[in-house]
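What follows is the content of run39.txt, which has compact mmCIF, C-alpha atoms:
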# COMPACT_ATOMS: atom_id res chain seq x y z
CA MET A 1 95.13 138.57 99.55
CA PRO A 2 93.83 134.99 99.97
CA ARG A 3 92.67 133.14 96.91
CA THR A 4 88.90 133.05 96.59
CA PRO A 5 87.91 130.69 93.79
CA SER A 6 84.32 130.69 92.68
CA PRO A 7 82.39 127.51 93.42
CA PRO A 8 81.71 125.19 90.50
CA ALA A 9 78.08 125.38 89.36
CA SER A 10 77.52 121.75 88.43
CA PRO A 11 79.59 118.93 87.05
CA PRO A 12 79.93 119.11 83.27
CA ALA A 13 79.15 115.86 81.49
CA GLY A 14 82.11 113.52 81.73
CA ARG A 15 84.02 115.81 84.11
CA PHE A 16 82.60 114.85 87.52
CA GLY A 17 86.07 113.97 88.86
CA ARG A 18 87.43 117.46 88.27
CA TRP A 19 84.25 119.14 89.53
CA HIS A 20 84.41 117.07 92.71
CA LEU A 21 88.09 117.92 93.19
CA SER A 22 87.31 121.60 92.68
CA ALA A 23 84.59 121.50 95.33
CA ILE A 24 86.90 119.81 97.83
CA CYS A 25 89.71 122.31 97.22
CA LEU A 26 87.49 125.37 97.14
CA THR A 27 89.11 127.25 100.02
CA VAL A 28 92.49 125.55 100.28
CA GLY A 29 95.11 124.15 98.00
CA LEU A 30 95.81 120.52 97.31
CA THR A 31 99.10 119.11 98.59
CA ILE A 32 100.20 115.68 97.44
CA VAL A 33 102.96 113.56 99.00
CA SER A 34 105.71 112.18 96.79
CA ALA A 35 109.14 110.99 98.02
CA LYS A 36 112.82 111.81 97.58
CA PRO A 37 113.51 108.86 95.19
CA ALA A 38 111.20 110.60 92.67
CA LEU A 39 113.81 113.36 92.35
CA VAL A 40 117.05 111.77 93.55
CA PRO A 41 117.94 108.38 92.02
CA THR A 42 118.27 105.67 94.66
CA GLY A 43 119.51 102.16 93.84
CA GLY A 44 117.20 99.26 94.59
CA LEU A 45 114.04 101.37 94.60
CA SER A 46 113.18 101.55 90.90
CA ALA A 47 109.49 100.67 91.14
CA TYR A 48 108.97 102.93 94.17
CA ALA A 49 110.85 105.80 92.50
CA MET A 50 108.79 105.37 89.34
CA SER A 51 105.49 105.49 91.25
CA LYS A 52 106.56 108.58 93.20
CA ALA A 53 107.74 110.24 89.97
CA ALA A 54 104.23 109.65 88.60
CA VAL A 55 102.86 111.46 91.66
CA ALA A 56 105.21 114.36 90.88
CA ALA A 57 103.96 114.47 87.27
CA LEU A 58 100.36 114.37 88.47
CA THR A 59 101.10 117.32 90.76
CA THR A 60 102.48 119.53 88.00
CA SER A 61 99.69 118.54 85.59
CA LEU A 62 96.93 119.26 88.10
CA ALA A 63 98.59 122.56 88.99
CA GLU A 64 98.21 123.66 85.38
CA GLU A 65 94.66 122.29 85.05
CA LEU A 66 93.35 123.95 88.20
CA LYS A 67 95.19 127.29 88.23
CA GLU A 68 92.35 129.21 86.57
CA GLU A 69 90.05 127.99 89.34
CA GLY A 70 92.41 129.43 91.95
CA ILE A 71 93.42 126.03 93.29
CA TRP A 72 97.12 125.72 93.98
CA VAL A 73 98.42 122.16 93.67
CA ASN A 74 101.84 121.28 95.09
CA ALA A 75 103.67 118.25 96.45
CA VAL A 76 105.95 117.69 99.38
CA VAL A 77 108.87 115.40 98.64
CA PRO A 78 110.16 114.08 101.97
CA SER A 79 113.17 111.91 102.55
CA THR A 80 112.84 109.07 105.04
CA MET A 81 110.77 110.48 107.89
CA ASP A 82 111.50 109.90 111.56
CA THR A 83 108.76 107.45 112.52
CA PRO A 84 108.76 104.41 114.83
CA ALA A 85 108.29 102.13 111.81
CA ASN A 86 111.29 103.61 109.97
CA ARG A 87 113.45 103.45 113.09
CA GLY A 88 112.50 99.78 113.48
CA ALA A 89 113.21 98.99 109.82
CA MET A 90 116.56 100.84 109.81
CA PRO A 91 117.99 100.54 113.34
CA GLY A 92 121.52 101.50 112.26
CA ALA A 93 120.48 104.73 110.53
CA ASP A 94 121.12 108.26 111.78
CA PHE A 95 117.59 109.21 112.88
CA SER A 96 118.66 112.76 113.67
CA SER A 97 119.11 113.46 109.94
CA TRP A 98 115.52 112.56 109.08
CA PRO A 99 112.76 115.19 109.03
CA SER A 100 110.05 114.67 111.63
CA VAL A 101 106.47 113.97 110.63
CA GLY A 102 105.70 117.39 112.14
CA ASP A 103 108.19 119.08 109.81
CA VAL A 104 106.48 117.52 106.81
CA ALA A 105 103.02 118.34 108.17
CA GLU A 106 103.94 122.02 108.67
CA THR A 107 105.08 122.22 105.05
CA ILE A 108 101.84 120.61 103.86
CA LEU A 109 99.73 122.96 105.97
CA PHE A 110 101.43 126.03 104.54
CA LEU A 111 101.20 124.85 100.92
CA ALA A 112 97.49 124.08 101.29
CA SER A 113 96.68 127.26 103.20
CA PRO A 114 95.24 130.54 101.93
CA GLN A 115 98.52 132.18 103.04
CA ASN A 116 100.23 130.44 100.12
CA ARG A 117 99.50 132.96 97.39
CA ALA A 118 102.33 132.20 94.97
CA THR A 119 103.59 128.61 95.15
CA ARG A 120 101.92 126.43 92.54
CA GLY A 121 103.11 123.27 90.80
CA ALA A 122 106.06 122.94 93.18
CA LEU A 123 107.77 119.76 94.30
CA VAL A 124 109.01 120.89 97.71
CA PRO A 125 111.88 118.87 99.19
CA VAL A 126 111.56 118.19 102.92
CA TYR A 127 114.82 116.37 103.54
CA GLY A 128 116.03 117.55 106.93
CA LYS A 129 119.73 116.70 106.97
CA ALA A 130 119.25 113.53 104.92
Rewrite the coordinates I just gave you, this time as C-alpha cells.
Amino acid sequence: MPRTPSPPASPPAGRFGRWHLSAICLTVGLTIVSAKPALVPTGGLSAYAMSKAAVAALTTSLAEELKEEGIWVNAVVPSTMDTPANRGAMPGADFSSWPSVGDVAETILFLASPQNRATRGALVPVYGKA
C-alpha cells in the first residue's frame, strides 16, 4: 500500500523549513545524493569525503525526523559516474566499471517513489563494478 501522509496544516512558529520540506515531499520520498568517499576512505579527497559524509548524516537524521509524517528519506551513494566530464578528467580510467547516470537515476526514482514502502534512512551504494 503506498504511503499517504497527511498534509501539514500550517507552519509552526520557527519550523517553516520542515513544514516546507513536508509539503514538497507529500506524495514521494526524498532522495539525496552522497558519494562513495563518504563510506569508503579515498586518499586525497578528505574535504570531499567529509562533505559527503555530512550529507549521509543529514539523510539518516531527516529519515528519523520525517518518518511519522510518512516521508521516506534515503541517499544514493554513487561511485564515479560515467559522464563525458568524468571521461575527460580521467581518460585512462576503465569507464565500463562506472555506473551510468541512468543507473543512478533509476535508483533515485525507486527510492523516492510510492512503491518504496520499506526503505528509509538508507545509504544505497550505486557502484557498478567500481
### Query
To one decimal place, how far is atom CA of Val33 of chain A from atom CA of Ala75 of chain A in Å?
5.4 Å
## Note on the structure
In Å and to one decimal, atom CA of Thr31 of chain A is distant from atom CA of Leu111 of chain A by 6.5 Å
### Task
Tell me, in Å to one decimal, how far atom CA of Glu68 of chain A is from atom CA of Met50 of chain A.
29.1 Å
Quick one: everything within 12 Å of Ala118 of chain A, counting all atoms listed in the file, minus sequence neighbours fewer than 4 positions away in the same chain. Send it as a PDB file with C-alpha atoms, in the coordinates of the input.
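The file below, out-v2.pdb, is the result:
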ATOM      1  CA  MET A   1      95.130 138.570  99.550  1.00  0.00           C
ATOM      2  CA  PRO A   2      93.830 134.990  99.970  1.00  0.00           C
ATOM      3  CA  ARG A   3      92.670 133.140  96.910  1.00  0.00           C
ATOM      4  CA  GLY A  29      95.110 124.150  98.000  1.00  0.00           C
ATOM      5  CA  ALA A  63      98.590 122.560  88.990  1.00  0.00           C
ATOM      6  CA  LYS A  67      95.190 127.290  88.230  1.00  0.00           C
ATOM      7  CA  GLY A  70      92.410 129.430  91.950  1.00  0.00           C
ATOM      8  CA  ILE A  71      93.420 126.030  93.290  1.00  0.00           C
ATOM      9  CA  TRP A  72      97.120 125.720  93.980  1.00  0.00           C
ATOM     10  CA  VAL A  73      98.420 122.160  93.670  1.00  0.00           C
ATOM     11  CA  ASN A  74     101.840 121.280  95.090  1.00  0.00           C
ATOM     12  CA  PHE A 110     101.430 126.030 104.540  1.00  0.00           C
ATOM     13  CA  LEU A 111     101.200 124.850 100.920  1.00  0.00           C
ATOM     14  CA  ALA A 112      97.490 124.080 101.290  1.00  0.00           C
ATOM     15  CA  SER A 113      96.680 127.260 103.200  1.00  0.00           C
ATOM     16  CA  PRO A 114      95.240 130.540 101.930  1.00  0.00           C
ATOM     17  CA  ALA A 122     106.060 122.940  93.180  1.00  0.00           C
TER      18      ALA A 122
END
### Among listed residues A:Asp82, A:Val77, A:Glu69, A:Lys129, nearest Thr107 of chain A (using all atoms listed in the file)
A:Val77
### Message
Would you pick out the contacts of segment 86-94 of chain A at 9 Å or less, using all atoms listed in the file, so that residues sharing its chain but fewer than 5 positions from it are not included, and give the list as a count of residues only?
### Response
3
Kindly output segment 53-73 of chain A as a compact mmCIF listing (two decimals), keeping the file's coordinate frame, after building N, CA, C and O atoms.
# COMPACT_ATOMS: atom_id res chain seq x y z
N ALA A 53 107.54 109.30 91.08
CA ALA A 53 107.74 110.24 89.97
C ALA A 53 106.41 110.50 89.26
O ALA A 53 106.14 111.61 88.81
N ALA A 54 105.56 109.46 89.18
CA ALA A 54 104.23 109.65 88.60
C ALA A 54 103.41 110.61 89.45
O ALA A 54 102.67 111.45 88.92
N VAL A 55 103.55 110.53 90.77
CA VAL A 55 102.86 111.46 91.66
C VAL A 55 103.35 112.89 91.40
O VAL A 55 102.56 113.83 91.37
N ALA A 56 104.65 113.04 91.19
CA ALA A 56 105.21 114.36 90.88
C ALA A 56 104.63 114.90 89.57
O ALA A 56 104.27 116.07 89.47
N ALA A 57 104.53 114.04 88.56
CA ALA A 57 103.96 114.47 87.27
C ALA A 57 102.48 114.83 87.42
O ALA A 57 102.01 115.81 86.84
N LEU A 58 101.76 114.06 88.21
CA LEU A 58 100.36 114.37 88.47
C LEU A 58 100.23 115.75 89.13
O LEU A 58 99.35 116.54 88.77
N THR A 59 101.12 116.03 90.06
CA THR A 59 101.10 117.32 90.76
C THR A 59 101.25 118.48 89.78
O THR A 59 100.46 119.43 89.80
N THR A 60 102.25 118.41 88.92
CA THR A 60 102.48 119.53 88.00
C THR A 60 101.36 119.64 86.97
O THR A 60 100.98 120.75 86.58
N SER A 61 100.81 118.51 86.55
CA SER A 61 99.69 118.54 85.59
C SER A 61 98.45 119.15 86.22
O SER A 61 97.79 120.01 85.62
N LEU A 62 98.11 118.70 87.43
CA LEU A 62 96.93 119.26 88.10
C LEU A 62 97.11 120.74 88.41
O LEU A 62 96.15 121.51 88.34
N ALA A 63 98.34 121.14 88.72
CA ALA A 63 98.59 122.56 88.99
C ALA A 63 98.23 123.41 87.78
O ALA A 63 97.65 124.49 87.92
N GLU A 64 98.56 122.93 86.60
CA GLU A 64 98.21 123.66 85.38
C GLU A 64 96.71 123.61 85.11
O GLU A 64 96.10 124.60 84.75
N GLU A 65 96.09 122.44 85.31
CA GLU A 65 94.66 122.29 85.05
C GLU A 65 93.79 123.15 85.96
O GLU A 65 92.75 123.63 85.55
N LEU A 66 94.21 123.30 87.21
CA LEU A 66 93.35 123.95 88.20
C LEU A 66 93.72 125.40 88.52
O LEU A 66 93.05 126.04 89.33
N LYS A 67 94.75 125.93 87.88
CA LYS A 67 95.19 127.29 88.23
C LYS A 67 94.13 128.35 87.96
O LYS A 67 93.99 129.28 88.73
N GLU A 68 93.37 128.21 86.89
CA GLU A 68 92.35 129.21 86.57
C GLU A 68 91.20 129.20 87.57
O GLU A 68 90.47 130.17 87.69
N GLU A 69 91.07 128.09 88.31
CA GLU A 69 90.05 127.99 89.34
C GLU A 69 90.58 128.47 90.69
O GLU A 69 89.87 128.42 91.70
N GLY A 70 91.83 128.92 90.71
CA GLY A 70 92.41 129.43 91.95
C GLY A 70 92.84 128.35 92.92
O GLY A 70 92.99 128.62 94.11
N ILE A 71 93.01 127.14 92.44
CA ILE A 71 93.42 126.03 93.29
C ILE A 71 94.89 125.76 93.06
O ILE A 71 95.29 125.41 91.94
N TRP A 72 95.68 125.95 94.08
CA TRP A 72 97.12 125.72 93.98
C TRP A 72 97.39 124.27 94.34
O TRP A 72 97.04 123.80 95.41
N VAL A 73 98.06 123.56 93.44
CA VAL A 73 98.42 122.16 93.67
C VAL A 73 99.94 122.08 93.78
O VAL A 73 100.65 122.60 92.92
